[in-house]
Amino acid sequence: MITTQRSLSGSSQSPRSPSAHPFLSVSVTDPVKLGNGVQAYISYRVITRTNLPEYQGPEKIVIRRYTDFVWLRDRLFEKYKGIFIPPLPEKSAVEKFRFTSEFIEMRRQALDIFVNRIASHSELQQSDDLRTFLQADEETMERARSQEIGIFKKKPSDLMQIFKDVQSKVSDVVLGKEKPVEESNPEYEKLKHYIFELEDHLAEAQKHAFRLVKRHRELGQSLADFGKAVKLLGACEGNSLGKAFSELGAKSEMLSIKLQKEAHNLLMNFEEPLKDYVRAVQSIKATIAERATAFRLQCELAETVKLKEINLDKLMLTRSDKVGEAEFEYKELKAESEEATRRFETIVRLMSQEIVRFQEQKTSDMGLAFHEFAKGQEQLANKIADAWRSLLPKLEACSSSYMSCLNALGNVSQPQMGKEAEKLSSLDNGFYEKAKELMKDALTRLDSDVKSSYKGAIEDIGRFDIPAVIIVRTIHCVGGQVTHIALMGGHVSASHPVSLSCTNSSMLSGNFLSSK
């Protein structure tokens, strides 16, 4: 984001030297949670480094809390009309009770950006309030924060008059006696349209950035869960298949970590900058509202001055003894009107400068955010592709072994398969013991058929890490009776035809094995 100018490292000039390039650098660091419940808050170390003569020294460290940053923002907004005061991160009542590490870091980063934007602004960096914020001890800061400013500094009688004026204005508008005075300037109208449209588009982009972060986190969690499950599955298997499953699970867990890390990077470097600019646009809208108020005030005062001038002329013609009092009121009101006009013109001038600065900074910040987003996605995609690619040879080897055996067994005649299925389907509670003998006999009889297509002895099948097969008769999902192959874990050979350590319990359930 916006950074202040820093002195060049290795310079021979002292930081306090008049000829050194002026700089003001601020860091918000070391957030610490203090208190509990609704009284809990986060304190920050604010470190200031500068060579500006109006500061107490080259480095100053103070402790500040969120309300101190709010005080600084409010003071600047009160005094610097027409300047876009940098926005603060919003205060979350929900997060206050949790204060997660992620929330604390997001707020710390946002506060750091806030104060450095002020420190790098040519007008705001000269503020006495900024110097108080960066240098005053905690007790002095607390006293300054407790002082009432703005509308709350006025006397009760002044407040009552303000409320009466507002009530009168609202009544006039509602009854149609007076229409709100608005500035009719084509360039100003164009600016307002741009700002309101920009806010909508930024908010929409930020909403979808939030969804991207959520998607990366959910995918990362899903991969972590999948990795654990596959590693457990690999532990049940043996030899190369089990090893391949274990490596698949490990890769999934590794990619889960990378996705979670990228989700955090997206949050901090993509979603948060977008959210920050949504807040910045809202700050500009507050300045637009101040400009509208200043314009209405100067119009109202100008109209009142005209009325006072007419009244004064009448009193002078009649040689009234109230001429002196009326003339004093006229001069006082005219001076107030001229001051309101100057204030409005200052706001217009400053806003013109601020919008140019805002556009330049937005182009830089958004360009960086989208560049980091694209770069992060490209790196993540490459890491994911490399991880899966490294597993392909081992998984393909397992798959090739299985397909070779399956193709060999595909030449077994249907009558033979059906006969064995009939035997297996009529098994009683001694299924496992009888299955071994039946499969041994079946494989011996099938040996001659398999040799012609497989070009090897039945014992050679045992050299491959493939599932054993048991021919069973089951009921097809659409009702037709068909013959299926139930895949069961273990190695096949003439001497050791089958190991009944099936990892899929459904293979042994009534859904797959029919006793009819």
# chains A, B, ... in the order shown; residues from 1 in each chain; ligands from 1
$ residues_around --residues "stretch 205-210 of chain A" --least-positions-apart "4" --cutoff "12 Å" --atoms "only C-alpha atoms" --output "PyMOL selection string"
chain A and resi 198-201+214-217+263-279+366+369-370+373
$ atom_distance --atom1 "atom CA of A:Ala381" --atom2 "atom CA of A:Gly367"
21.1 Å
$ residues_around --residues "A:Asp128" --least-positions-apart "3" --cutoff "12 Å" --atoms "only C-alpha atoms" --output "short mmCIF file (atom, residue, chain, number, x, y, z; two decimals) with C-alpha atoms, in the first residue's frame"
data_model
loop_
_atom_site.label_atom_id
_atom_site.label_comp_id
_atom_site.auth_asym_id
_atom_site.auth_seq_id
_atom_site.Cartn_x
_atom_site.Cartn_y
_atom_site.Cartn_z
CA GLU A 54 9.25 18.72 15.01
CA TYR A 55 9.48 15.20 16.45
CA LEU A 72 -6.86 10.19 15.39
CA ARG A 75 -9.71 14.52 14.80
CA LEU A 76 -8.35 14.61 11.27
CA LYS A 79 -10.06 19.53 10.93
CA ALA A 119 2.20 9.85 7.67
CA GLU A 123 -1.00 17.80 4.60
CA LEU A 124 -1.95 15.24 7.24
CA GLN A 125 1.64 14.49 8.29
CA ARG A 131 2.41 13.94 16.51
CA THR A 132 0.43 13.45 19.72
CA PHE A 133 -0.63 9.99 18.56
CA LEU A 134 2.92 8.97 17.65
CA GLN A 135 4.76 10.46 20.65
CA ALA A 136 2.52 11.02 23.69
CA ALA A 144 -6.63 13.50 24.79
#
$ select_by_dssp --residues "stretch 100-301 of chain A" --states "alpha helix (DSSP H)" --output "PyMOL selection string"
chain A and resi 101-119+128-135+138-146+156-174+186-236+239-266+272-301
$ residues_around --residues "A:Leu111" --least-positions-apart "3" --cutoff "8 Å" --atoms "only C-alpha atoms" --output "PDB file with all heavy atoms, in the first residue's frame"
ATOM      1  N   VAL A  28       3.227  -0.595  12.925  1.00  0.00           N
ATOM      2  CA  VAL A  28       2.311  -1.085  13.963  1.00  0.00           C
ATOM      3  C   VAL A  28       2.614  -2.569  14.141  1.00  0.00           C
ATOM      4  O   VAL A  28       2.410  -3.370  13.223  1.00  0.00           O
ATOM      5  CB  VAL A  28       0.846  -0.867  13.561  1.00  0.00           C
ATOM      6  CG1 VAL A  28      -0.094  -1.407  14.644  1.00  0.00           C
ATOM      7  CG2 VAL A  28       0.581   0.613  13.318  1.00  0.00           C
ATOM      8  N   PHE A  69      -6.601   4.916  17.583  1.00  0.00           N
ATOM      9  CA  PHE A  69      -6.629   5.114  16.137  1.00  0.00           C
ATOM     10  C   PHE A  69      -7.930   5.799  15.717  1.00  0.00           C
ATOM     11  O   PHE A  69      -7.939   6.655  14.827  1.00  0.00           O
ATOM     12  CB  PHE A  69      -6.489   3.773  15.420  1.00  0.00           C
ATOM     13  CG  PHE A  69      -5.132   3.140  15.538  1.00  0.00           C
ATOM     14  CD1 PHE A  69      -4.815   2.334  16.616  1.00  0.00           C
ATOM     15  CD2 PHE A  69      -4.166   3.345  14.560  1.00  0.00           C
ATOM     16  CE1 PHE A  69      -3.567   1.743  16.728  1.00  0.00           C
ATOM     17  CE2 PHE A  69      -2.911   2.759  14.653  1.00  0.00           C
ATOM     18  CZ  PHE A  69      -2.610   1.963  15.749  1.00  0.00           C
ATOM     19  N   LEU A  88     -10.423   3.295   8.614  1.00  0.00           N
ATOM     20  CA  LEU A  88     -10.025   2.328   9.624  1.00  0.00           C
ATOM     21  C   LEU A  88     -10.747   1.007   9.374  1.00  0.00           C
ATOM     22  O   LEU A  88     -11.851   0.993   8.820  1.00  0.00           O
ATOM     23  CB  LEU A  88     -10.392   2.834  11.020  1.00  0.00           C
ATOM     24  CG  LEU A  88      -9.441   3.813  11.698  1.00  0.00           C
ATOM     25  CD1 LEU A  88     -10.080   4.341  12.968  1.00  0.00           C
ATOM     26  CD2 LEU A  88      -8.102   3.156  12.006  1.00  0.00           C
ATOM     27  N   PRO A  89     -10.161  -0.120   9.807  1.00  0.00           N
ATOM     28  CA  PRO A  89     -10.922  -1.379   9.744  1.00  0.00           C
ATOM     29  C   PRO A  89     -12.117  -1.291  10.675  1.00  0.00           C
ATOM     30  O   PRO A  89     -12.038  -0.680  11.746  1.00  0.00           O
ATOM     31  CB  PRO A  89      -9.905  -2.423  10.223  1.00  0.00           C
ATOM     32  CG  PRO A  89      -8.936  -1.652  11.057  1.00  0.00           C
ATOM     33  CD  PRO A  89      -8.835  -0.298  10.409  1.00  0.00           C
ATOM     34  N   ARG A 107      -6.314  -6.953  11.397  1.00  0.00           N
ATOM     35  CA  ARG A 107      -6.497  -5.607  11.961  1.00  0.00           C
ATOM     36  C   ARG A 107      -5.156  -4.897  12.102  1.00  0.00           C
ATOM     37  O   ARG A 107      -5.059  -3.700  11.809  1.00  0.00           O
ATOM     38  CB  ARG A 107      -7.206  -5.689  13.315  1.00  0.00           C
ATOM     39  CG  ARG A 107      -7.266  -4.362  14.040  1.00  0.00           C
ATOM     40  CD  ARG A 107      -8.205  -4.375  15.212  1.00  0.00           C
ATOM     41  NE  ARG A 107      -9.590  -4.297  14.770  1.00  0.00           N
ATOM     42  CZ  ARG A 107     -10.624  -4.154  15.603  1.00  0.00           C
ATOM     43  NH1 ARG A 107     -10.413  -4.100  16.899  1.00  0.00           N
ATOM     44  NH2 ARG A 107     -11.849  -4.082  15.136  1.00  0.00           N
ATOM     45  N   ARG A 108      -4.135  -5.602  12.554  1.00  0.00           N
ATOM     46  CA  ARG A 108      -2.816  -4.979  12.686  1.00  0.00           C
ATOM     47  C   ARG A 108      -2.334  -4.448  11.338  1.00  0.00           C
ATOM     48  O   ARG A 108      -1.833  -3.322  11.242  1.00  0.00           O
ATOM     49  CB  ARG A 108      -1.800  -6.003  13.228  1.00  0.00           C
ATOM     50  CG  ARG A 108      -0.422  -5.400  13.493  1.00  0.00           C
ATOM     51  CD  ARG A 108       0.681  -6.432  13.332  1.00  0.00           C
ATOM     52  NE  ARG A 108       0.743  -6.931  11.966  1.00  0.00           N
ATOM     53  CZ  ARG A 108       1.276  -6.268  10.946  1.00  0.00           C
ATOM     54  NH1 ARG A 108       1.789  -5.062  11.117  1.00  0.00           N
ATOM     55  NH2 ARG A 108       1.290  -6.804   9.737  1.00  0.00           N
ATOM     56  N   PHE A 114      -3.289   2.310   7.637  1.00  0.00           N
ATOM     57  CA  PHE A 114      -3.996   3.548   7.994  1.00  0.00           C
ATOM     58  C   PHE A 114      -3.023   4.641   8.442  1.00  0.00           C
ATOM     59  O   PHE A 114      -3.023   5.760   7.910  1.00  0.00           O
ATOM     60  CB  PHE A 114      -5.009   3.244   9.093  1.00  0.00           C
ATOM     61  CG  PHE A 114      -5.518   4.450   9.825  1.00  0.00           C
ATOM     62  CD1 PHE A 114      -6.477   5.276   9.257  1.00  0.00           C
ATOM     63  CD2 PHE A 114      -5.038   4.770  11.091  1.00  0.00           C
ATOM     64  CE1 PHE A 114      -6.949   6.396   9.930  1.00  0.00           C
ATOM     65  CE2 PHE A 114      -5.510   5.874  11.772  1.00  0.00           C
ATOM     66  CZ  PHE A 114      -6.464   6.694  11.188  1.00  0.00           C
ATOM     67  N   VAL A 115      -2.175   4.311   9.409  1.00  0.00           N
ATOM     68  CA  VAL A 115      -1.310   5.341   9.973  1.00  0.00           C
ATOM     69  C   VAL A 115      -0.203   5.742   8.990  1.00  0.00           C
ATOM     70  O   VAL A 115       0.220   6.906   8.953  1.00  0.00           O
ATOM     71  CB  VAL A 115      -0.723   4.864  11.327  1.00  0.00           C
ATOM     72  CG1 VAL A 115       0.323   3.791  11.145  1.00  0.00           C
ATOM     73  CG2 VAL A 115      -0.166   6.037  12.121  1.00  0.00           C
TER      74      VAL A 115
END
$ closest_residue --among "A:Ile47, A:Ile83, A:Leu392, A:Leu219" --to "A:Ala244" --atoms "only C-alpha atoms"
A:Leu392
$ closest_residue --among "A:Pro58, A:Gly376, A:Gly249, A:Gly37" --to "A:Ala229" --atoms "only C-alpha atoms"
A:Gly249
$ residues_around --residues "A:Arg64" --least-positions-apart "3" --cutoff "7 Å" --atoms "only C-alpha atoms" --output "ChimeraX atom specification"
/A:43-46,68
$ closest_residue --among "A:Tyr188, A:Ile104, A:Gly57, A:Leu259" --to "A:Gln379" --atoms "only C-alpha atoms"
A:Leu259
$ closest_residue --among "A:Asn116, A:Ser320, A:Thr304, A:Gln221" --to "A:Thr48" --atoms "only C-alpha atoms"
A:Asn116
$ atom_distance --atom1 "atom CA of A:Asp30" --atom2 "atom CA of A:Gln282"
28.7 Å
$ atom_distance --atom1 "atom CA of A:Tyr80" --atom2 "atom CA of A:Lys190"
23.4 Å
